[in-house]
$ cat model.tsv   # TSV, N, CA and C atoms
chain	number	residue	atom	x	y	z
C	1	SER	N	0.84	-1.19	0.00
C	1	SER	CA	0.00	0.00	0.00
C	1	SER	C	0.89	1.25	0.00
C	2	PRO	N	0.35	2.35	-0.43
C	2	PRO	CA	1.14	3.59	-0.42
C	2	PRO	C	1.54	3.98	1.01
C	3	GLY	N	2.65	4.62	1.14
C	3	GLY	CA	3.15	5.01	2.45
C	3	GLY	C	2.26	5.99	3.19
C	4	ASN	N	1.42	6.72	2.46
C	4	ASN	CA	0.54	7.68	3.12
C	4	ASN	C	-0.81	7.10	3.51
C	5	ASP	N	-1.04	5.82	3.24
C	5	ASP	CA	-2.27	5.13	3.67
C	5	ASP	C	-2.01	4.37	4.97
C	6	HIS	N	-2.98	4.40	5.87
C	6	HIS	CA	-2.88	3.57	7.07
C	6	HIS	C	-3.20	2.14	6.67
C	7	ASP	N	-2.51	1.19	7.25
C	7	ASP	CA	-2.72	-0.22	6.91
C	7	ASP	C	-4.17	-0.67	7.10
C	8	SER	N	-4.85	-0.10	8.08
C	8	SER	CA	-6.23	-0.55	8.36
C	8	SER	C	-7.17	-0.26	7.20
C	9	VAL	N	-6.84	0.70	6.35
C	9	VAL	CA	-7.67	1.01	5.18
C	9	VAL	C	-7.75	-0.19	4.24
C	10	HIS	N	-6.71	-0.99	4.22
C	10	HIS	CA	-6.62	-2.12	3.31
C	10	HIS	C	-6.92	-3.47	3.97
C	11	ALA	N	-7.28	-3.45	5.23
C	11	ALA	CA	-7.46	-4.70	5.98
C	11	ALA	C	-8.53	-5.60	5.39
C	12	VAL	N	-9.70	-5.07	5.09
C	12	VAL	CA	-10.79	-5.90	4.58
C	12	VAL	C	-10.42	-6.48	3.22
C	13	ASN	N	-9.83	-5.70	2.33
C	13	ASN	CA	-9.42	-6.22	1.03
C	13	ASN	C	-8.41	-7.35	1.17
C	14	LEU	N	-7.50	-7.24	2.12
C	14	LEU	CA	-6.53	-8.29	2.36
C	14	LEU	C	-7.21	-9.54	2.94
C	15	LEU	N	-8.10	-9.35	3.89
C	15	LEU	CA	-8.79	-10.48	4.51
C	15	LEU	C	-9.68	-11.23	3.52
C	16	ARG	N	-10.17	-10.54	2.51
C	16	ARG	CA	-11.00	-11.20	1.48
C	16	ARG	C	-10.22	-12.24	0.69
C	17	LYS	N	-8.91	-12.19	0.73
C	17	LYS	CA	-8.08	-13.10	-0.04
C	17	LYS	C	-7.82	-14.43	0.65
C	18	VAL	N	-8.24	-14.55	1.91
C	18	VAL	CA	-8.03	-15.79	2.67
C	18	VAL	C	-9.33	-16.21	3.34
C	19	GLU	N	-9.44	-17.50	3.61
C	19	GLU	CA	-10.59	-18.03	4.33
C	19	GLU	C	-10.39	-17.80	5.82
C	20	ILE	N	-11.26	-17.02	6.45
C	20	ILE	CA	-11.09	-16.71	7.87
C	20	ILE	C	-12.16	-17.33	8.75
C	21	SER	N	-13.14	-17.98	8.15
C	21	SER	CA	-14.22	-18.58	8.94
C	21	SER	C	-13.66	-19.51	10.02
C	22	GLY	N	-14.10	-19.31	11.25
C	22	GLY	CA	-13.65	-20.13	12.37
C	22	GLY	C	-12.31	-19.71	12.96
C	23	SER	N	-11.70	-18.67	12.42
C	23	SER	CA	-10.40	-18.21	12.90
C	23	SER	C	-10.53	-17.10	13.94
C	24	ASN	N	-9.49	-16.92	14.71
C	24	ASN	CA	-9.38	-15.76	15.59
C	24	ASN	C	-8.55	-14.72	14.86
C	25	ILE	N	-9.10	-13.54	14.65
C	25	ILE	CA	-8.39	-12.46	13.99
C	25	ILE	C	-7.93	-11.49	15.07
C	26	LEU	N	-6.63	-11.42	15.29
C	26	LEU	CA	-6.04	-10.58	16.32
C	26	LEU	C	-5.27	-9.43	15.69
C	27	ALA	N	-5.47	-8.25	16.21
C	27	ALA	CA	-4.74	-7.07	15.75
C	27	ALA	C	-4.81	-6.01	16.83
C	28	ASP	N	-4.01	-4.98	16.67
C	28	ASP	CA	-4.04	-3.93	17.69
C	28	ASP	C	-5.19	-2.96	17.45
C	29	ARG	N	-5.35	-2.05	18.36
C	29	ARG	CA	-6.47	-1.11	18.40
C	29	ARG	C	-6.63	-0.29	17.10
C	30	ALA	N	-5.56	-0.10	16.36
C	30	ALA	CA	-5.64	0.67	15.11
C	30	ALA	C	-6.56	0.00	14.10
C	31	TYR	N	-6.79	-1.30	14.25
C	31	TYR	CA	-7.68	-2.03	13.35
C	31	TYR	C	-9.08	-2.19	13.95
C	32	GLY	N	-9.38	-1.43	14.98
C	32	GLY	CA	-10.66	-1.53	15.67
C	32	GLY	C	-11.77	-0.71	15.03
C	33	ALA	N	-11.82	-0.66	13.73
C	33	ALA	CA	-12.85	0.09	13.01
C	33	ALA	C	-14.10	-0.76	12.84
C	34	GLN	N	-15.24	-0.12	12.83
C	34	GLN	CA	-16.52	-0.80	12.69
C	34	GLN	C	-16.58	-1.61	11.39
C	35	THR	N	-16.09	-1.08	10.30
C	35	THR	CA	-16.14	-1.79	9.02
C	35	THR	C	-15.33	-3.09	9.06
C	36	ILE	N	-14.21	-3.07	9.72
C	36	ILE	CA	-13.39	-4.28	9.84
C	36	ILE	C	-14.10	-5.29	10.74
C	37	TRP	N	-14.65	-4.82	11.85
C	37	TRP	CA	-15.40	-5.69	12.76
C	37	TRP	C	-16.57	-6.35	12.03
C	38	GLU	N	-17.31	-5.58	11.26
C	38	GLU	CA	-18.46	-6.13	10.54
C	38	GLU	C	-18.04	-7.20	9.53
C	39	TYR	N	-16.96	-6.97	8.82
C	39	TYR	CA	-16.50	-7.97	7.85
C	39	TYR	C	-16.08	-9.25	8.54
C	40	ILE	N	-15.24	-9.15	9.55
C	40	ILE	CA	-14.74	-10.33	10.24
C	40	ILE	C	-15.88	-11.12	10.88
C	41	SER	N	-16.77	-10.43	11.56
C	41	SER	CA	-17.91	-11.09	12.20
C	41	SER	C	-18.82	-11.73	11.16
C	42	GLY	N	-19.02	-11.04	10.04
C	42	GLY	CA	-19.87	-11.56	8.98
C	42	GLY	C	-19.31	-12.80	8.31
C	43	GLN	N	-18.02	-13.02	8.41
C	43	GLN	CA	-17.37	-14.19	7.83
C	43	GLN	C	-17.31	-15.37	8.81
C	44	GLY	N	-17.87	-15.19	10.00
C	44	GLY	CA	-17.87	-16.27	10.98
C	44	GLY	C	-16.55	-16.43	11.72
C	45	ALA	N	-15.75	-15.38	11.74
C	45	ALA	CA	-14.49	-15.42	12.47
C	45	ALA	C	-14.65	-14.68	13.80
C	46	ASN	N	-13.75	-14.95	14.71
C	46	ASN	CA	-13.77	-14.32	16.02
C	46	ASN	C	-12.91	-13.06	15.98
C	47	TYR	N	-13.50	-11.94	16.33
C	47	TYR	CA	-12.85	-10.63	16.27
C	47	TYR	C	-12.18	-10.35	17.61
C	48	VAL	N	-10.86	-10.38	17.64
C	48	VAL	CA	-10.10	-10.15	18.88
C	48	VAL	C	-9.26	-8.88	18.68
C	49	ILE	N	-9.97	-7.78	18.53
C	49	ILE	CA	-9.34	-6.48	18.32
C	49	ILE	C	-10.07	-5.48	19.20
C	50	PRO	N	-9.37	-4.76	20.06
C	50	PRO	CA	-10.04	-3.79	20.92
C	50	PRO	C	-10.66	-2.66	20.09
C	51	PRO	N	-11.78	-2.15	20.54
C	51	PRO	CA	-12.39	-1.03	19.83
C	51	PRO	C	-11.56	0.23	20.00
C	52	GLN	N	-11.69	1.14	19.07
C	52	GLN	CA	-11.04	2.43	19.21
C	52	GLN	C	-11.70	3.17	20.36
C	53	GLY	N	-10.97	4.03	21.00
C	53	GLY	CA	-11.43	4.69	22.22
C	53	GLY	C	-12.60	5.63	22.06
C	54	ASN	N	-12.95	6.01	20.85
C	54	ASN	CA	-14.02	6.99	20.66
C	54	ASN	C	-15.39	6.37	20.37
C	55	LEU	N	-15.54	5.06	20.48
C	55	LEU	CA	-16.83	4.43	20.20
C	55	LEU	C	-17.79	4.58	21.37
C	56	VAL	N	-19.05	4.81	21.05
C	56	VAL	CA	-20.09	4.94	22.08
C	56	VAL	C	-20.44	3.57	22.65
C	57	LYS	N	-20.50	2.54	21.79
C	57	LYS	CA	-20.85	1.18	22.23
C	57	LYS	C	-19.69	0.24	21.90
C	58	PRO	N	-18.64	0.23	22.70
C	58	PRO	CA	-17.51	-0.66	22.42
C	58	PRO	C	-17.89	-2.13	22.65
C	59	TRP	N	-17.24	-3.02	21.94
C	59	TRP	CA	-17.50	-4.45	22.08
C	59	TRP	C	-16.53	-5.04	23.09
C	60	ASN	N	-16.86	-6.25	23.55
C	60	ASN	CA	-16.00	-6.97	24.49
C	60	ASN	C	-14.83	-7.60	23.74
C	61	VAL	N	-13.73	-7.75	24.43
C	61	VAL	CA	-12.52	-8.34	23.85
C	61	VAL	C	-12.01	-9.43	24.79
C	62	ASP	N	-11.56	-10.54	24.24
C	62	ASP	CA	-10.90	-11.58	25.02
C	62	ASP	C	-9.46	-11.13	25.24
C	63	TRP	N	-9.21	-10.46	26.36
C	63	TRP	CA	-7.91	-9.85	26.62
C	63	TRP	C	-6.80	-10.89	26.77
C	64	CYS	N	-7.12	-12.08	27.23
C	64	CYS	CA	-6.09	-13.12	27.34
C	64	CYS	C	-5.62	-13.55	25.95
C	65	LEU	N	-6.56	-13.77	25.06
C	65	LEU	CA	-6.21	-14.13	23.68
C	65	LEU	C	-5.55	-12.95	22.96
C	66	TYR	N	-6.01	-11.76	23.22
C	66	TYR	CA	-5.45	-10.56	22.58
C	66	TYR	C	-3.95	-10.41	22.86
C	67	LYS	N	-3.51	-10.82	24.02
C	67	LYS	CA	-2.09	-10.70	24.38
C	67	LYS	C	-1.21	-11.59	23.50
C	68	GLU	N	-1.80	-12.53	22.77
C	68	GLU	CA	-1.05	-13.41	21.88
C	68	GLU	C	-0.91	-12.85	20.46
C	69	ARG	N	-1.35	-11.62	20.22
C	69	ARG	CA	-1.40	-11.07	18.86
C	69	ARG	C	-0.03	-10.95	18.20
C	70	HIS	N	1.04	-10.94	18.96
C	70	HIS	CA	2.37	-10.80	18.38
C	70	HIS	C	2.94	-12.13	17.88
C	71	LEU	N	2.30	-13.24	18.21
C	71	LEU	CA	2.80	-14.55	17.80
C	71	LEU	C	2.37	-14.87	16.37
C	72	ILE	N	3.22	-15.52	15.64
C	72	ILE	CA	2.89	-15.93	14.27
C	72	ILE	C	3.02	-17.43	14.17
$ encode --input "model.tsv" --output "structure tokens"
Amino acid sequence: SPGNDHDSVHAVNLLRKVEISGSNILADRAYGAQTIWEYISGQGANYVIPPQGNLVKPWNVDWCLYKERHLI
């Protein structure tokens, strides 16, 4: 992606290229956008990304699983 784009702008397009159903999708708070949450949830995957701090109705996060986001 271009250097002036934030990676989260391209997240859904990237996720469309792989089968994520039944997977845990872990990422940091920068990927906590509603559009990304809707796509991941709609594909039957588990969304393990904290919401951005400015949301009125934030969702719950499995914080124990979230701590594993750095592992590949």
$ residues_around --input "model.tsv" --residues "Pro58 (chain C)" --least-positions-apart "6" --cutoff "10 Å" --atoms "only C-alpha atoms" --output "VMD selection string"
chain C and resid 32 34 50 to 52
$ closest_residue --input "model.tsv" --among "C:Val9, C:Ala45, C:Val56, C:Val61" --to "Ala30 (chain C)" --atoms "only N, CA and C atoms"
C:Val9
$ atom_distance --input "model.tsv" --atom1 "atom N of Gly53 (chain C)" --atom2 "atom N of Tyr31 (chain C)"
9.6 Å
$ atom_distance --input "model.tsv" --atom1 "CA of Asp28 (chain C)" --atom2 "CA of Arg69 (chain C)"
7.7 Å
$ atom_distance --input "model.tsv" --atom1 "atom C of Ser21 (chain C)" --atom2 "CA of Gln43 (chain C)"
6.8 Å
$ axis_aligned_box --input "model.tsv" --around "region 59-70 of chain C" --padding-each-side "4 Å" --output "JSON"
{"center_x": -7.3, "center_y": -8.6, "center_z": 22.6, "size_x": 28.4, "size_y": 19.1, "size_z": 17.5}
$ closest_residue --input "model.tsv" --among "C:Ile20, C:Cys64, C:Leu14, C:Ile72" --to "Val48 (chain C)" --atoms "only C-alpha atoms"
C:Cys64
$ select_by_dssp --input "model.tsv" --residues "chain C" --states "alpha helix (DSSP H)" --output "list in words"
Ala11, Val12, Asn13, Leu14, Leu15, Gln34, Thr35, Ile36, Trp37, Glu38, Tyr39, Ile40, Ser41, Gly42, Trp63, Cys64, Leu65 and Tyr66 of chain C
$ decode --input "model.tsv" --residues "region 31-64 of chain C" --atoms "N, CA, C and O atoms" --output "CSV table (one decimal), in the first residue's frame"
chain,number,residue,atom,x,y,z
C,31,TYR,N,-6.8,-1.3,14.3
C,31,TYR,CA,-7.7,-2.0,13.4
C,31,TYR,C,-9.1,-2.2,14.0
C,31,TYR,O,-9.9,-3.0,13.5
C,32,GLY,N,-9.4,-1.4,15.0
C,32,GLY,CA,-10.7,-1.5,15.7
C,32,GLY,C,-11.8,-0.7,15.0
C,32,GLY,O,-12.6,-0.1,15.7
C,33,ALA,N,-11.8,-0.7,13.7
C,33,ALA,CA,-12.9,0.1,13.0
C,33,ALA,C,-14.1,-0.8,12.8
C,33,ALA,O,-14.0,-2.0,12.7
C,34,GLN,N,-15.2,-0.1,12.8
C,34,GLN,CA,-16.5,-0.8,12.7
C,34,GLN,C,-16.6,-1.6,11.4
C,34,GLN,O,-17.1,-2.7,11.4
C,35,THR,N,-16.1,-1.1,10.3
C,35,THR,CA,-16.1,-1.8,9.0
C,35,THR,C,-15.3,-3.1,9.1
C,35,THR,O,-15.8,-4.1,8.5
C,36,ILE,N,-14.2,-3.1,9.7
C,36,ILE,CA,-13.4,-4.3,9.8
C,36,ILE,C,-14.1,-5.3,10.7
C,36,ILE,O,-14.2,-6.5,10.4
C,37,TRP,N,-14.7,-4.8,11.8
C,37,TRP,CA,-15.4,-5.7,12.8
C,37,TRP,C,-16.6,-6.4,12.0
C,37,TRP,O,-16.8,-7.6,12.2
C,38,GLU,N,-17.3,-5.6,11.3
C,38,GLU,CA,-18.5,-6.1,10.5
C,38,GLU,C,-18.0,-7.2,9.5
C,38,GLU,O,-18.7,-8.2,9.4
C,39,TYR,N,-17.0,-7.0,8.8
C,39,TYR,CA,-16.5,-8.0,7.8
C,39,TYR,C,-16.1,-9.3,8.5
C,39,TYR,O,-16.5,-10.3,8.1
C,40,ILE,N,-15.2,-9.1,9.5
C,40,ILE,CA,-14.7,-10.3,10.2
C,40,ILE,C,-15.9,-11.1,10.9
C,40,ILE,O,-16.0,-12.3,10.7
C,41,SER,N,-16.8,-10.4,11.6
C,41,SER,CA,-17.9,-11.1,12.2
C,41,SER,C,-18.8,-11.7,11.2
C,41,SER,O,-19.3,-12.8,11.4
C,42,GLY,N,-19.0,-11.0,10.0
C,42,GLY,CA,-19.9,-11.6,9.0
C,42,GLY,C,-19.3,-12.8,8.3
C,42,GLY,O,-20.1,-13.6,7.7
C,43,GLN,N,-18.0,-13.0,8.4
C,43,GLN,CA,-17.4,-14.2,7.8
C,43,GLN,C,-17.3,-15.4,8.8
C,43,GLN,O,-16.8,-16.4,8.5
C,44,GLY,N,-17.9,-15.2,10.0
C,44,GLY,CA,-17.9,-16.3,11.0
C,44,GLY,C,-16.5,-16.4,11.7
C,44,GLY,O,-16.3,-17.5,12.3
C,45,ALA,N,-15.8,-15.4,11.7
C,45,ALA,CA,-14.5,-15.4,12.5
C,45,ALA,C,-14.7,-14.7,13.8
C,45,ALA,O,-15.6,-13.9,14.0
C,46,ASN,N,-13.8,-14.9,14.7
C,46,ASN,CA,-13.8,-14.3,16.0
C,46,ASN,C,-12.9,-13.1,16.0
C,46,ASN,O,-11.7,-13.1,15.7
C,47,TYR,N,-13.5,-11.9,16.3
C,47,TYR,CA,-12.8,-10.6,16.3
C,47,TYR,C,-12.2,-10.4,17.6
C,47,TYR,O,-12.9,-10.1,18.6
C,48,VAL,N,-10.9,-10.4,17.6
C,48,VAL,CA,-10.1,-10.1,18.9
C,48,VAL,C,-9.3,-8.9,18.7
C,48,VAL,O,-8.0,-8.9,18.6
C,49,ILE,N,-10.0,-7.8,18.5
C,49,ILE,CA,-9.3,-6.5,18.3
C,49,ILE,C,-10.1,-5.5,19.2
C,49,ILE,O,-11.3,-5.4,19.1
C,50,PRO,N,-9.4,-4.8,20.1
C,50,PRO,CA,-10.0,-3.8,20.9
C,50,PRO,C,-10.7,-2.7,20.1
C,50,PRO,O,-10.1,-2.3,19.1
C,51,PRO,N,-11.8,-2.2,20.5
C,51,PRO,CA,-12.4,-1.0,19.8
C,51,PRO,C,-11.6,0.2,20.0
C,51,PRO,O,-10.8,0.4,21.0
C,52,GLN,N,-11.7,1.1,19.1
C,52,GLN,CA,-11.0,2.4,19.2
C,52,GLN,C,-11.7,3.2,20.4
C,52,GLN,O,-12.9,2.9,20.7
C,53,GLY,N,-11.0,4.0,21.0
C,53,GLY,CA,-11.4,4.7,22.2
C,53,GLY,C,-12.6,5.6,22.1
C,53,GLY,O,-13.2,6.0,23.0
C,54,ASN,N,-13.0,6.0,20.8
C,54,ASN,CA,-14.0,7.0,20.7
C,54,ASN,C,-15.4,6.4,20.4
C,54,ASN,O,-16.3,7.1,20.0
C,55,LEU,N,-15.5,5.1,20.5
C,55,LEU,CA,-16.8,4.4,20.2
C,55,LEU,C,-17.8,4.6,21.4
C,55,LEU,O,-17.4,4.4,22.5
C,56,VAL,N,-19.1,4.8,21.1
C,56,VAL,CA,-20.1,4.9,22.1
C,56,VAL,C,-20.4,3.6,22.7
C,56,VAL,O,-20.6,3.4,23.9
C,57,LYS,N,-20.5,2.5,21.8
C,57,LYS,CA,-20.8,1.2,22.2
C,57,LYS,C,-19.7,0.2,21.9
C,57,LYS,O,-19.7,-0.5,20.9
C,58,PRO,N,-18.6,0.2,22.7
C,58,PRO,CA,-17.5,-0.7,22.4
C,58,PRO,C,-17.9,-2.1,22.7
C,58,PRO,O,-18.8,-2.4,23.4
C,59,TRP,N,-17.2,-3.0,21.9
C,59,TRP,CA,-17.5,-4.4,22.1
C,59,TRP,C,-16.5,-5.0,23.1
C,59,TRP,O,-15.5,-4.5,23.4
C,60,ASN,N,-16.9,-6.3,23.5
C,60,ASN,CA,-16.0,-7.0,24.5
C,60,ASN,C,-14.8,-7.6,23.7
C,60,ASN,O,-15.0,-8.0,22.6
C,61,VAL,N,-13.7,-7.8,24.4
C,61,VAL,CA,-12.5,-8.3,23.9
C,61,VAL,C,-12.0,-9.4,24.8
C,61,VAL,O,-12.0,-9.3,26.0
C,62,ASP,N,-11.6,-10.5,24.2
C,62,ASP,CA,-10.9,-11.6,25.0
C,62,ASP,C,-9.5,-11.1,25.2
C,62,ASP,O,-8.6,-11.3,24.4
C,63,TRP,N,-9.2,-10.5,26.4
C,63,TRP,CA,-7.9,-9.8,26.6
C,63,TRP,C,-6.8,-10.9,26.8
C,63,TRP,O,-5.7,-10.6,26.4
C,64,CYS,N,-7.1,-12.1,27.2
C,64,CYS,CA,-6.1,-13.1,27.3
C,64,CYS,C,-5.6,-13.5,26.0
C,64,CYS,O,-4.4,-13.7,25.7
